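Undergrad: If it helps, the file is called target-v1.txt and holds compact mmCIF, C-alpha atoms:
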```txt
# COMPACT_ATOMS: atom_id res chain seq x y z
CA MET A 238 5.54 -63.87 -19.13
CA SER A 239 5.82 -66.43 -16.40
CA THR A 240 8.24 -66.04 -13.52
CA GLU A 241 9.88 -68.52 -11.21
CA SER A 242 7.34 -67.95 -8.46
CA ASP A 243 4.56 -68.69 -10.93
CA ALA A 244 5.72 -72.26 -11.34
CA ILE A 245 3.36 -75.13 -10.74
CA ASP A 246 5.03 -77.83 -8.69
CA PHE A 247 4.74 -81.24 -10.28
CA TRP A 248 5.81 -83.84 -7.73
CA PHE A 249 6.30 -87.41 -8.81
CA ASP A 250 8.11 -90.70 -8.47
CA PHE A 251 9.36 -92.28 -11.71
CA ILE A 252 8.03 -95.68 -10.67
CA SER A 253 4.43 -94.37 -10.77
CA PRO A 254 2.62 -95.10 -14.05
CA TYR A 255 0.12 -92.36 -13.27
CA ALA A 256 3.02 -89.93 -13.08
CA TYR A 257 4.04 -91.08 -16.54
CA PHE A 258 0.59 -90.30 -17.89
CA ALA A 259 0.59 -86.91 -16.17
CA SER A 260 4.11 -86.10 -17.37
CA ARG A 261 2.83 -86.08 -20.94
CA LYS A 262 0.22 -83.42 -20.17
CA VAL A 263 1.48 -81.18 -17.44
CA ASN A 264 3.56 -78.73 -19.46
CA ALA A 265 0.68 -78.09 -21.87
CA LEU A 266 -1.69 -77.70 -18.94
CA ALA A 267 0.53 -75.05 -17.38
CA SER A 268 1.14 -73.27 -20.68
CA ARG A 269 -2.59 -72.83 -21.26
CA HIS A 270 -2.55 -70.58 -18.22
CA GLY A 271 0.75 -68.85 -18.84
CA ARG A 272 2.48 -70.91 -16.20
CA ARG A 273 5.57 -73.07 -16.04
CA VAL A 274 6.18 -76.41 -14.35
CA ARG A 275 8.82 -77.29 -11.81
CA TRP A 276 9.52 -81.02 -11.99
CA ARG A 277 10.23 -82.22 -8.47
CA PRO A 278 11.25 -85.63 -7.15
CA MET A 279 9.43 -87.29 -4.26
CA LEU A 280 9.63 -90.91 -3.14
CA LEU A 281 6.60 -93.11 -2.65
CA GLY A 282 8.70 -95.38 -0.47
CA VAL A 283 9.14 -92.55 2.01
CA SER A 284 5.72 -90.91 1.84
CA VAL A 285 3.47 -93.93 1.52
CA MET A 286 5.37 -96.62 3.35
CA LYS A 287 7.36 -94.80 6.02
CA THR A 288 5.23 -91.74 6.73
CA MET A 289 1.72 -92.98 6.05
CA GLY A 290 2.36 -96.53 7.21
CA LEU A 291 0.73 -98.07 4.15
CA ARG A 292 1.95 -101.01 2.16
CA PRO A 293 3.02 -100.57 -1.48
CA LEU A 294 0.16 -100.23 -3.93
CA MET A 295 1.07 -103.35 -5.85
CA GLU A 296 1.15 -105.39 -2.65
CA THR A 297 -2.30 -104.23 -1.56
CA PRO A 298 -5.06 -106.80 -2.16
CA LEU A 299 -7.88 -105.72 -4.50
CA LYS A 300 -6.25 -102.38 -5.28
CA ALA A 301 -3.31 -103.96 -7.09
CA ASP A 302 -5.63 -105.73 -9.54
CA TYR A 303 -7.63 -102.56 -10.04
CA VAL A 304 -4.54 -100.49 -10.72
CA ILE A 305 -3.26 -102.89 -13.36
CA ARG A 306 -6.60 -102.76 -15.14
CA ASP A 307 -6.92 -99.00 -14.71
CA VAL A 308 -3.43 -98.29 -16.01
CA GLN A 309 -4.10 -100.40 -19.09
CA ARG A 310 -7.43 -98.64 -19.64
CA THR A 311 -5.85 -95.21 -19.24
CA ALA A 312 -3.05 -96.15 -21.61
CA ARG A 313 -5.56 -97.18 -24.28
CA ARG A 314 -7.58 -94.01 -23.84
CA ASP A 315 -4.55 -91.72 -23.93
CA GLY A 316 -2.79 -93.62 -26.71
CA VAL A 317 0.20 -94.37 -24.52
CA ASP A 318 2.32 -97.45 -25.01
CA ILE A 319 3.27 -99.25 -21.79
CA GLY A 320 5.95 -101.80 -22.56
CA ARG A 321 6.79 -102.57 -18.96
CA LYS A 322 4.91 -105.44 -17.43
CA LEU A 323 2.62 -104.04 -14.76
CA GLY A 324 3.01 -105.63 -11.38
CA ARG A 325 6.67 -106.37 -12.01
CA PRO A 326 8.81 -105.03 -9.14
CA PRO A 327 9.83 -101.44 -9.82
CA MET A 328 13.34 -100.25 -10.44
CA ASN A 329 15.25 -98.56 -7.65
CA PRO A 330 13.97 -94.99 -8.09
CA LEU A 331 16.81 -93.35 -6.17
CA PRO A 332 19.45 -92.81 -8.89
CA ALA A 333 17.03 -91.14 -11.30
CA ALA A 334 15.47 -89.09 -8.50
CA ARG A 335 18.89 -87.94 -7.33
CA ALA A 336 19.79 -86.85 -10.85
CA LEU A 337 16.51 -84.96 -11.12
CA ALA A 338 17.19 -83.25 -7.79
CA TRP A 339 20.61 -82.23 -9.10
CA LEU A 340 19.08 -80.80 -12.29
CA ASP A 341 16.39 -78.97 -10.29
CA THR A 342 19.19 -77.19 -8.44
CA HIS A 343 21.75 -76.67 -11.17
CA ARG A 344 20.10 -76.90 -14.58
CA ARG A 345 16.39 -76.61 -13.95
CA GLU A 346 15.55 -76.09 -17.62
CA LEU A 347 16.76 -79.64 -18.30
CA ALA A 348 14.63 -81.31 -15.63
CA ALA A 349 11.58 -81.69 -17.88
CA PRO A 350 13.40 -83.15 -20.91
CA PHE A 351 15.38 -85.48 -18.65
CA ALA A 352 12.24 -86.69 -16.88
CA ALA A 353 10.46 -87.21 -20.19
CA ILE A 354 13.32 -89.39 -21.43
CA VAL A 355 13.43 -91.43 -18.22
CA PHE A 356 9.67 -91.97 -18.23
CA ASP A 357 9.67 -92.98 -21.88
CA ARG A 358 12.53 -95.43 -21.60
CA TYR A 359 11.34 -96.90 -18.32
CA TRP A 360 7.62 -97.26 -19.06
CA ARG A 361 7.44 -97.57 -22.84
CA LEU A 362 10.70 -99.35 -23.57
CA ALA A 363 10.93 -101.23 -20.24
CA ARG A 364 14.58 -100.34 -19.84
CA GLU A 365 16.32 -100.27 -16.46
CA LEU A 366 16.67 -96.61 -15.63
CA ASP A 367 18.38 -97.32 -12.33
CA GLN A 368 21.54 -98.19 -14.25
CA ALA A 369 24.26 -95.55 -14.47
CA GLU A 370 24.76 -96.03 -18.20
CA GLU A 371 21.07 -95.49 -18.87
CA LEU A 372 20.97 -92.39 -16.72
CA ARG A 373 24.11 -91.02 -18.29
CA SER A 374 22.60 -91.22 -21.75
CA ALA A 375 19.30 -89.83 -20.51
CA LEU A 376 21.15 -86.82 -19.08
CA THR A 377 23.22 -86.16 -22.14
CA ASP A 378 20.27 -86.76 -24.47
CA ALA A 379 18.42 -84.15 -22.43
CA GLY A 380 21.19 -81.69 -23.22
CA LEU A 381 23.62 -81.95 -20.33
CA ASP A 382 27.29 -82.12 -21.25
CA PRO A 383 29.13 -85.28 -20.20
CA ALA A 384 31.16 -83.66 -17.42
CA ASP A 385 28.02 -82.28 -15.77
CA ALA A 386 26.32 -85.61 -16.27
CA GLU A 387 28.97 -87.18 -14.01
CA LEU A 388 28.25 -84.57 -11.36
CA ALA A 389 24.51 -85.23 -11.63
CA LEU A 390 25.13 -88.95 -11.26
CA ALA A 391 27.45 -88.71 -8.27
CA ARG A 392 25.98 -89.98 -5.03
CA SER A 393 26.84 -86.64 -3.44
CA PRO A 394 25.43 -84.03 -3.59
CA GLY A 395 22.51 -85.77 -5.34
CA ALA A 396 21.52 -87.71 -2.25
CA GLU A 397 21.44 -84.59 -0.07
CA LEU A 398 19.48 -82.65 -2.69
CA LEU A 399 16.99 -85.49 -3.01
CA GLN A 400 16.64 -85.76 0.74
CA ALA A 401 15.83 -82.05 0.89
CA SER A 402 13.30 -82.45 -1.92
CA VAL A 403 11.59 -85.35 -0.20
CA ALA A 404 11.50 -83.44 3.08
CA ALA A 405 9.95 -80.49 1.24
CA SER A 406 7.33 -82.77 -0.30
CA LEU A 407 6.31 -84.12 3.09
CA ALA A 408 6.23 -80.63 4.61
CA LEU A 409 3.82 -79.60 1.84
CA GLY A 410 1.61 -82.63 2.47
CA VAL A 411 2.55 -84.34 -0.79
CA PHE A 412 1.90 -88.05 -0.30
CA GLY A 413 1.19 -89.51 -3.72
CA SER A 414 2.38 -89.48 -7.30
CA PRO A 415 1.65 -87.47 -9.33
CA PHE A 416 0.82 -84.53 -7.14
CA LEU A 417 0.39 -80.94 -8.31
CA VAL A 418 0.69 -77.95 -6.01
CA ILE A 419 -0.64 -74.75 -7.56
CA ASP A 420 -0.22 -71.62 -5.46
CA GLY A 421 -0.41 -73.81 -2.37
CA GLU A 422 -3.46 -75.76 -3.55
CA PRO A 423 -2.87 -79.55 -3.68
CA PHE A 424 -4.18 -81.86 -6.42
CA TRP A 425 -3.41 -85.54 -5.99
CA GLY A 426 -3.53 -87.91 -8.92
CA HIS A 427 -3.51 -88.03 -12.68
CA ASP A 428 -7.29 -88.04 -12.55
CA ARG A 429 -7.27 -84.54 -11.05
CA LEU A 430 -5.50 -82.81 -13.92
CA ASP A 431 -8.82 -81.64 -15.32
CA GLU A 432 -9.75 -80.19 -11.96
CA ALA A 433 -6.39 -78.42 -11.75
CA ASP A 434 -7.04 -77.04 -15.23
CA GLN A 435 -10.43 -75.68 -14.14
CA TRP A 436 -8.88 -74.30 -10.95
CA LEU A 437 -6.34 -72.33 -13.00
CA ALA A 438 -8.99 -71.15 -15.45
CA ARG A 439 -11.35 -69.93 -12.74
CA GLY A 440 -8.71 -68.78 -10.28
CA GLY A 441 -10.03 -71.20 -7.69
CA TRP A 442 -13.47 -71.49 -6.15
CA MET B 95 -36.17 -99.28 -21.94
CA SER B 96 -33.67 -100.41 -19.35
CA THR B 97 -33.80 -103.86 -17.84
CA GLU B 98 -32.52 -105.24 -14.58
CA SER B 99 -29.38 -106.64 -16.15
CA ASP B 100 -28.63 -103.19 -17.58
CA ALA B 101 -28.19 -101.74 -14.13
CA ILE B 102 -25.03 -99.95 -13.16
CA ASP B 103 -23.84 -101.06 -9.74
CA PHE B 104 -23.18 -98.14 -7.44
CA TRP B 105 -21.30 -99.45 -4.40
CA PHE B 106 -20.83 -97.18 -1.42
CA ASP B 107 -20.51 -96.74 2.31
CA PHE B 108 -22.63 -93.97 3.85
CA ILE B 109 -19.67 -92.71 5.89
CA SER B 110 -17.82 -91.73 2.70
CA PRO B 111 -18.21 -88.05 1.77
CA TYR B 112 -17.18 -88.87 -1.79
CA ALA B 113 -20.06 -91.32 -1.97
CA TYR B 114 -22.35 -88.47 -0.91
CA PHE B 115 -21.09 -86.33 -3.79
CA ALA B 116 -21.49 -89.20 -6.23
CA SER B 117 -24.95 -90.07 -4.95
CA ARG B 118 -26.21 -86.73 -6.21
CA LYS B 119 -25.05 -87.45 -9.76
CA VAL B 120 -25.21 -91.15 -10.40
CA ASN B 121 -28.87 -91.51 -11.40
CA ALA B 122 -28.58 -88.69 -13.95
CA LEU B 123 -25.36 -90.20 -15.26
CA ALA B 124 -27.05 -93.55 -15.83
CA SER B 125 -30.17 -91.99 -17.33
CA ARG B 126 -28.14 -90.18 -19.97
CA HIS B 127 -27.28 -93.61 -21.31
CA GLY B 128 -30.64 -95.28 -20.81
CA ARG B 129 -29.40 -97.16 -17.78
CA ARG B 130 -30.56 -97.59 -14.22
CA VAL B 131 -28.60 -97.68 -10.98
CA ARG B 132 -28.55 -100.39 -8.35
CA TRP B 133 -27.58 -98.86 -5.00
CA ARG B 134 -25.48 -101.41 -3.14
CA PRO B 135 -23.97 -101.34 0.34
CA MET B 136 -20.32 -102.15 0.96
CA LEU B 137 -18.29 -101.48 4.11
CA LEU B 138 -14.99 -99.63 4.11
CA GLY B 139 -14.19 -101.21 7.46
CA VAL B 140 -14.21 -104.63 5.81
CA SER B 141 -12.62 -103.80 2.45
CA VAL B 142 -10.01 -101.26 3.47
CA MET B 143 -9.12 -102.30 6.97
CA LYS B 144 -9.66 -106.04 7.08
CA THR B 145 -9.04 -107.11 3.48
CA MET B 146 -6.50 -104.57 2.28
CA GLY B 147 -4.77 -104.15 5.62
CA LEU B 148 -4.84 -100.37 5.46
CA ARG B 149 -5.65 -97.97 8.25
CA PRO B 150 -8.73 -95.75 8.03
CA LEU B 151 -8.37 -92.75 5.74
CA MET B 152 -8.84 -90.21 8.49
CA GLU B 153 -6.15 -91.86 10.58
CA THR B 154 -3.61 -91.82 7.75
CA PRO B 155 -1.00 -89.05 8.07
CA LEU B 156 -0.90 -86.51 5.22
CA LYS B 157 -3.86 -88.07 3.44
CA ALA B 158 -6.32 -87.15 6.20
CA ASP B 159 -5.44 -83.45 5.88
CA TYR B 160 -5.68 -83.63 2.11
CA VAL B 161 -9.06 -85.32 2.22
CA ILE B 162 -10.52 -82.67 4.53
CA ARG B 163 -9.34 -79.93 2.18
CA ASP B 164 -10.42 -81.82 -0.92
CA VAL B 165 -13.90 -82.56 0.42
CA GLN B 166 -14.40 -78.90 1.26
CA ARG B 167 -13.16 -77.88 -2.18
CA THR B 168 -15.42 -80.39 -3.90
CA ALA B 169 -18.38 -79.24 -1.81
CA ARG B 170 -17.80 -75.62 -2.86
CA ARG B 171 -17.47 -76.57 -6.51
CA ASP B 172 -20.55 -78.77 -6.54
CA GLY B 173 -22.62 -76.44 -4.37
CA VAL B 174 -23.08 -79.09 -1.69
CA ASP B 175 -23.54 -78.19 1.94
CA ILE B 176 -21.52 -80.34 4.37
CA GLY B 177 -22.79 -79.68 7.87
CA ARG B 178 -20.90 -82.53 9.48
CA LYS B 179 -17.49 -81.68 10.84
CA LEU B 180 -14.91 -83.49 8.74
CA GLY B 181 -12.52 -85.62 10.69
CA ARG B 182 -15.11 -86.30 13.36
CA PRO B 183 -15.43 -90.05 13.97
CA PRO B 184 -18.02 -91.54 11.64
CA MET B 185 -21.31 -93.04 12.71
CA ASN B 186 -21.67 -96.80 12.89
CA PRO B 187 -22.52 -97.53 9.24
CA LEU B 188 -24.02 -100.96 9.90
CA PRO B 189 -27.67 -100.13 10.66
CA ALA B 190 -28.13 -97.96 7.57
CA ALA B 191 -26.25 -100.46 5.41
CA ARG B 192 -28.39 -103.32 6.69
CA ALA B 193 -31.55 -101.39 5.88
CA LEU B 194 -30.23 -100.68 2.40
CA ALA B 195 -29.42 -104.36 1.91
CA TRP B 196 -32.99 -105.18 2.94
CA LEU B 197 -34.40 -102.67 0.47
CA ASP B 198 -32.14 -103.96 -2.30
CA THR B 199 -33.70 -107.39 -1.79
CA HIS B 200 -37.31 -106.54 -1.05
CA ARG B 201 -38.09 -103.04 -2.34
CA ARG B 202 -35.29 -102.13 -4.68
CA GLU B 203 -37.11 -99.12 -6.09
CA LEU B 204 -36.87 -97.48 -2.66
CA ALA B 205 -33.13 -97.97 -2.23
CA ALA B 206 -32.21 -94.75 -4.05
CA PRO B 207 -34.65 -92.45 -2.24
CA PHE B 208 -33.71 -94.01 1.10
CA ALA B 209 -30.00 -93.58 0.43
CA ALA B 210 -30.52 -89.97 -0.68
CA ILE B 211 -32.32 -89.20 2.59
CA VAL B 212 -29.65 -90.88 4.71
CA PHE B 213 -26.84 -89.07 2.90
CA ASP B 214 -28.59 -85.73 3.19
CA ARG B 215 -29.38 -86.03 6.89
CA TYR B 216 -26.00 -87.46 7.79
CA TRP B 217 -23.75 -85.17 5.75
CA ARG B 218 -25.73 -81.97 5.36
CA LEU B 219 -27.67 -81.95 8.62
CA ALA B 220 -25.06 -83.83 10.69
CA ARG B 221 -27.70 -86.06 12.22
CA GLU B 222 -26.93 -89.49 13.66
CA LEU B 223 -28.19 -91.93 11.11
CA ASP B 224 -27.12 -94.94 13.12
CA GLN B 225 -30.08 -94.33 15.44
CA ALA B 226 -33.16 -96.47 14.94
CA GLU B 227 -35.53 -93.50 15.11
CA GLU B 228 -33.62 -91.68 12.38
CA LEU B 229 -33.55 -94.75 10.16
CA ARG B 230 -37.22 -95.42 10.74
CA SER B 231 -38.16 -91.96 9.53
CA ALA B 232 -35.71 -92.21 6.61
CA LEU B 233 -37.37 -95.46 5.54
CA THR B 234 -40.91 -94.18 5.82
CA ASP B 235 -40.02 -90.84 4.22
CA ALA B 236 -38.60 -92.87 1.33
CA GLY B 237 -42.00 -94.51 0.91
CA LEU B 238 -41.85 -97.68 2.97
CA ASP B 239 -44.85 -98.40 5.16
CA PRO B 240 -44.20 -98.56 8.91
CA ALA B 241 -44.59 -102.33 9.22
CA ASP B 242 -42.03 -102.97 6.50
CA ALA B 243 -39.76 -100.37 8.05
CA GLU B 244 -39.61 -102.53 11.15
CA LEU B 245 -38.61 -105.51 9.03
CA ALA B 246 -35.94 -103.46 7.29
CA LEU B 247 -34.58 -102.33 10.66
CA ALA B 248 -34.51 -105.75 12.28
CA ARG B 249 -31.06 -107.17 12.86
CA SER B 250 -32.09 -110.26 10.94
CA PRO B 251 -32.29 -110.74 8.01
CA GLY B 252 -30.59 -107.35 7.42
CA ALA B 253 -27.26 -108.53 8.80
CA GLU B 254 -27.21 -111.62 6.57
CA LEU B 255 -28.23 -109.62 3.51
CA LEU B 256 -25.53 -107.05 4.22
CA GLN B 257 -22.95 -109.76 4.75
CA ALA B 258 -23.84 -111.21 1.34
CA SER B 259 -23.61 -107.77 -0.23
CA VAL B 260 -20.20 -107.11 1.28
CA ALA B 261 -18.98 -110.53 0.17
CA ALA B 262 -20.21 -109.77 -3.34
CA SER B 263 -18.39 -106.43 -3.30
CA LEU B 264 -15.11 -108.09 -2.39
CA ALA B 265 -15.60 -110.83 -4.99
CA LEU B 266 -16.01 -108.09 -7.61
CA GLY B 267 -12.86 -106.32 -6.45
CA VAL B 268 -14.73 -103.37 -4.98
CA PHE B 269 -12.46 -101.81 -2.37
CA GLY B 270 -13.40 -98.14 -2.09
CA SER B 271 -16.36 -95.83 -1.91
CA PRO B 272 -17.91 -94.82 -4.21
CA PHE B 273 -17.25 -97.53 -6.74
CA LEU B 274 -19.14 -98.05 -10.00
CA VAL B 275 -19.22 -101.32 -11.87
CA ILE B 276 -20.54 -100.98 -15.40
CA ASP B 277 -20.87 -104.23 -17.34
CA GLY B 278 -18.00 -105.60 -15.29
CA GLU B 279 -15.81 -102.53 -15.72
CA PRO B 280 -14.70 -100.97 -12.40
CA PHE B 281 -14.49 -97.24 -11.72
CA TRP B 282 -13.24 -96.23 -8.30
CA GLY B 283 -13.92 -92.80 -6.89
CA HIS B 284 -16.12 -89.78 -7.29
CA ASP B 285 -13.43 -88.31 -9.52
CA ARG B 286 -14.00 -91.08 -12.06
CA LEU B 287 -17.64 -90.32 -12.80
CA ASP B 288 -16.67 -88.35 -15.89
CA GLU B 289 -14.63 -91.28 -17.13
CA ALA B 290 -17.55 -93.64 -16.51
CA ASP B 291 -19.76 -91.23 -18.45
CA GLN B 292 -17.34 -91.31 -21.40
CA TRP B 293 -17.08 -95.08 -21.13
CA LEU B 294 -20.85 -95.39 -21.46
CA ALA B 295 -20.98 -92.88 -24.32
CA ARG B 296 -18.24 -94.59 -26.31
CA GLY B 297 -19.06 -98.16 -25.32
CA GLY B 298 -15.62 -98.58 -23.82
CA TRP B 299 -12.20 -98.24 -25.42
```
As structure tokens, please, write out the structure in this file.
TA:
Amino acid sequence: MSTESDAIDFWFDFISPYAYFASRKVNALASRHGRRVRWRPMLLGVSVMKTMGLRPLMETPLKADYVIRDVQRTARRDGVDIGRKLGRPPMNPLPAARALAWLDTHRRELAAPFAAIVFDRYWRLARELDQAEELRSALTDAGLDPADAELALARSPGAELLQASVAASLALGVFGSPFLVIDGEPFWGHDRLDEADQWLARGGW
Amino acid sequence: MSTESDAIDFWFDFISPYAYFASRKVNALASRHGRRVRWRPMLLGVSVMKTMGLRPLMETPLKADYVIRDVQRTARRDGVDIGRKLGRPPMNPLPAARALAWLDTHRRELAAPFAAIVFDRYWRLARELDQAEELRSALTDAGLDPADAELALARSPGAELLQASVAASLALGVFGSPFLVIDGEPFWGHDRLDEADQWLARGGW
């Protein structure tokens, strides 16, 4: 039986399509090894732009074109429907990330279903998940009662909880999305899920 | 039987440890599908720094630490010996890249053995492959006669050939190292070799 300390940390930003792909696989990956997943918000705007001093992916010449093609290719391979136009400016990720930070603190068992709903509605249905009404229904559809949903949506303490989460991500060296940390071992990117799987199976190398 | 137009383009910069890992696998990967590999020089200094406007990987906070750890982890997994201290400033990649550009034009069948020797001596033995004496022995050990080795080492036409190769890489959207282009389809990174293998096996998706 898995315990809290066994949890694999799954760090992500909702605006990352690679995090969407990974979100559909990470619970099964952990379960294969008797582990659980802790779904944790980070912000690419803080890690990549402010801390690393890089420009946003979709504003980077050459790489932006590659990413659009690669995301479409990955979606075809994985049978994932991406309804959102790639290259379109992302939503403001803060409200959803704040709500996730609140759930991580107060109702951690609802973090995964909430994140799955947000990812699905944002990436597949191209809805605007930075809107309070959208987030409210995502929270209640995930199983939160309406009164708690208002608490999760409030600017405070969500903003402080998110700030702490982002600080924790940077302290752990998390700089991209998705990013797995397994017993302290970092795995950056959707394309490293297989490696993380092997790492868990073999107990490292 | 494979023809010239069948070739898979393997773009790389010698200073990339991930290109070293990939260089040990790429010929076998192509052979499994009846294909050959064309070993082509690109320059991270031009693609990443000048064109994309990014700072060098090893000067990027968070990512530099991750890359050191990830390269060591990959080396252990693949049974590759990295004798060069990671994070140490790279050699000047231009002389080796110019020689490779010369071989690609004049003695293409020697490009792969030459590159394998350069990678091995640079990464495993931590030797300085920007030195003329080192490159001369790498060229002759690869099978080039000494007179041709002098031509391959001359600043001209190597510099012009390399410039054309780098321009071609940018025109194709190649921005990282290693980078495979298979029938126009781009695959960036050592961690995408498996995907390229599947792509070849399935004829795309």
Undergrad: I'd like the neighbourhood of Arg163 (chain B) as a ChimeraX atom specification, where a residue qualifies if any of its atoms comes within 12 Å (using only C-alpha atoms), though same-chain residues fewer than 2 positions away should be ignored.
TA: /A:410,421-425 /B:156-161,165-170,180-181
Undergrad: B:Ser271, B:Asn121, B:Gln225, B:Ser141: which is nearest chain A, counting all atoms listed in the file?
TA: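 Ranking B:Ser271, B:Asn121, B:Gln225, B:Ser141 by distance to chain A, first place goes to B:Ser141.
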Undergrad: Need the shell around Pro187 (chain B): protein/DNA/RNA residues with any atom at most 7 Å away, counting all atoms listed in the file. Skip same-chain ones fewer than 5 positions apart. Format as a PyMOL selection string?
TA: chain B and resi 108-109+224
Undergrad: Just give me the residues with any atom within 10 Å of (14.9, -84.4, -1.7), file coordinates, counting all atoms listed in the file, written as a ChimeraX atom specification.
TA: /A:277-280,334-335,337-339,395-407
Undergrad: Nearest to Arg201 (chain B): which of B:Gly297, B:Pro184, B:Pro189, B:Gly237 is it, counting all atoms listed in the file?
TA: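 The closest residue to Arg201 (chain B) is B:Gly237.
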Undergrad: When distances are computed from all atoms listed in the file, which of A:Pro415, A:Gly316, A:Pro394, A:Pro350 shows the smallest separation from chain B?
TA: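 When distances to chain B are compared using all atoms listed in the file, the smallest one comes from A:Gly316.
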Undergrad: As an exercise, work out the distance from CA of Asp434 (chain A) to CA of Leu123 (chain B) in Å and give it to one decimal place.
TA: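 Separation of CA of Asp434 (chain A) and CA of Leu123 (chain B): 22.6 Å.
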Undergrad: Quick one: pull the distance between CA of Ser231 (chain B) and CA of Trp133 (chain B), Å, one decimal.
TA: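 Atom-to-atom, CA of Ser231 (chain B) to CA of Trp133 (chain B), that is 19.3 Å.
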Undergrad: Using only C-alpha atoms, pick whichever of A:Val274, A:Val263, A:Ala256, A:Ala408 has the shortest atom-to-atom distance to chain B.
TA: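 Going through A:Val274, A:Val263, A:Ala256, A:Ala408 one by one, the smallest distance to chain B is for A:Ala408.
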Undergrad: Could you check the closest approach to Gly283 (chain B) for each of B:Ile102, B:Val268, B:Ala295, B:Leu204 and tell me which residue wins, using all atoms listed in the file?
TA: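 Under the stated criterion, the closest residue is B:Val268.
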Undergrad: Considering only C-alpha atoms, can you say which of B:Thr145, B:Ser117, B:Asn186, B:Ser125 comes closest to chain A?
TA: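 Distance minimum relative to chain A lands on B:Thr145.
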Undergrad: Provide the CA of Leu417 (chain A) to CA of Phe273 (chain B) distance in Å, to one decimal place.
TA: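 Computing it gives 24.3 Å between the two atoms.
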Undergrad: Neighbouring residues of Gln435 (chain A) were defined as those with any atom within 12 Å, considering only C-alpha atoms; residues of the same chain fewer than 5 positions away were excluded. Please report them as JSON, numbers by chain.
TA: {"A": [266, 267, 269, 270, 419, 424, 429, 430, 440, 441, 442], "B": [171]}
Undergrad: Rebuild region 344-355 of chain A to N, CA, C and O atoms - output it as a short mmCIF file (atom, residue, chain, number, x, y, z; two decimals), in the frame of the given file, please.
TA:
```cif
data_model
loop_
_atom_site.label_atom_id
_atom_site.label_comp_id
_atom_site.auth_asym_id
_atom_site.auth_seq_id
_atom_site.Cartn_x
_atom_site.Cartn_y
_atom_site.Cartn_z
N ARG A 344 20.47 -77.11 -13.18
CA ARG A 344 20.10 -76.90 -14.58
C ARG A 344 18.59 -77.16 -14.72
O ARG A 344 18.17 -78.07 -15.42
N ARG A 345 17.82 -76.32 -14.06
CA ARG A 345 16.39 -76.61 -13.95
C ARG A 345 15.69 -76.74 -15.30
O ARG A 345 14.71 -77.48 -15.44
N GLU A 346 16.20 -76.03 -16.30
CA GLU A 346 15.55 -76.09 -17.62
C GLU A 346 15.69 -77.47 -18.27
O GLU A 346 14.96 -77.78 -19.24
N LEU A 347 16.59 -78.29 -17.73
CA LEU A 347 16.76 -79.64 -18.30
C LEU A 347 15.98 -80.71 -17.52
O LEU A 347 15.97 -81.89 -17.92
N ALA A 348 15.34 -80.31 -16.44
CA ALA A 348 14.63 -81.31 -15.63
C ALA A 348 13.50 -81.96 -16.42
O ALA A 348 13.32 -83.19 -16.40
N ALA A 349 12.73 -81.14 -17.13
CA ALA A 349 11.58 -81.69 -17.88
C ALA A 349 12.03 -82.62 -19.00
O ALA A 349 11.52 -83.74 -19.11
N PRO A 350 12.97 -82.22 -19.86
CA PRO A 350 13.40 -83.15 -20.91
C PRO A 350 14.04 -84.42 -20.35
O PRO A 350 13.80 -85.52 -20.87
N PHE A 351 14.80 -84.28 -19.27
CA PHE A 351 15.38 -85.48 -18.65
C PHE A 351 14.27 -86.41 -18.14
O PHE A 351 14.28 -87.62 -18.41
N ALA A 352 13.32 -85.86 -17.43
CA ALA A 352 12.24 -86.69 -16.88
C ALA A 352 11.45 -87.36 -18.01
O ALA A 352 11.09 -88.54 -17.90
N ALA A 353 11.21 -86.63 -19.07
CA ALA A 353 10.46 -87.21 -20.19
C ALA A 353 11.20 -88.41 -20.78
O ALA A 353 10.59 -89.44 -21.11
N ILE A 354 12.51 -88.29 -20.89
CA ILE A 354 13.32 -89.39 -21.43
C ILE A 354 13.29 -90.59 -20.48
O ILE A 354 13.12 -91.74 -20.90
N VAL A 355 13.46 -90.33 -19.19
CA VAL A 355 13.43 -91.43 -18.22
C VAL A 355 12.07 -92.13 -18.24
O VAL A 355 12.00 -93.37 -18.32
#
```
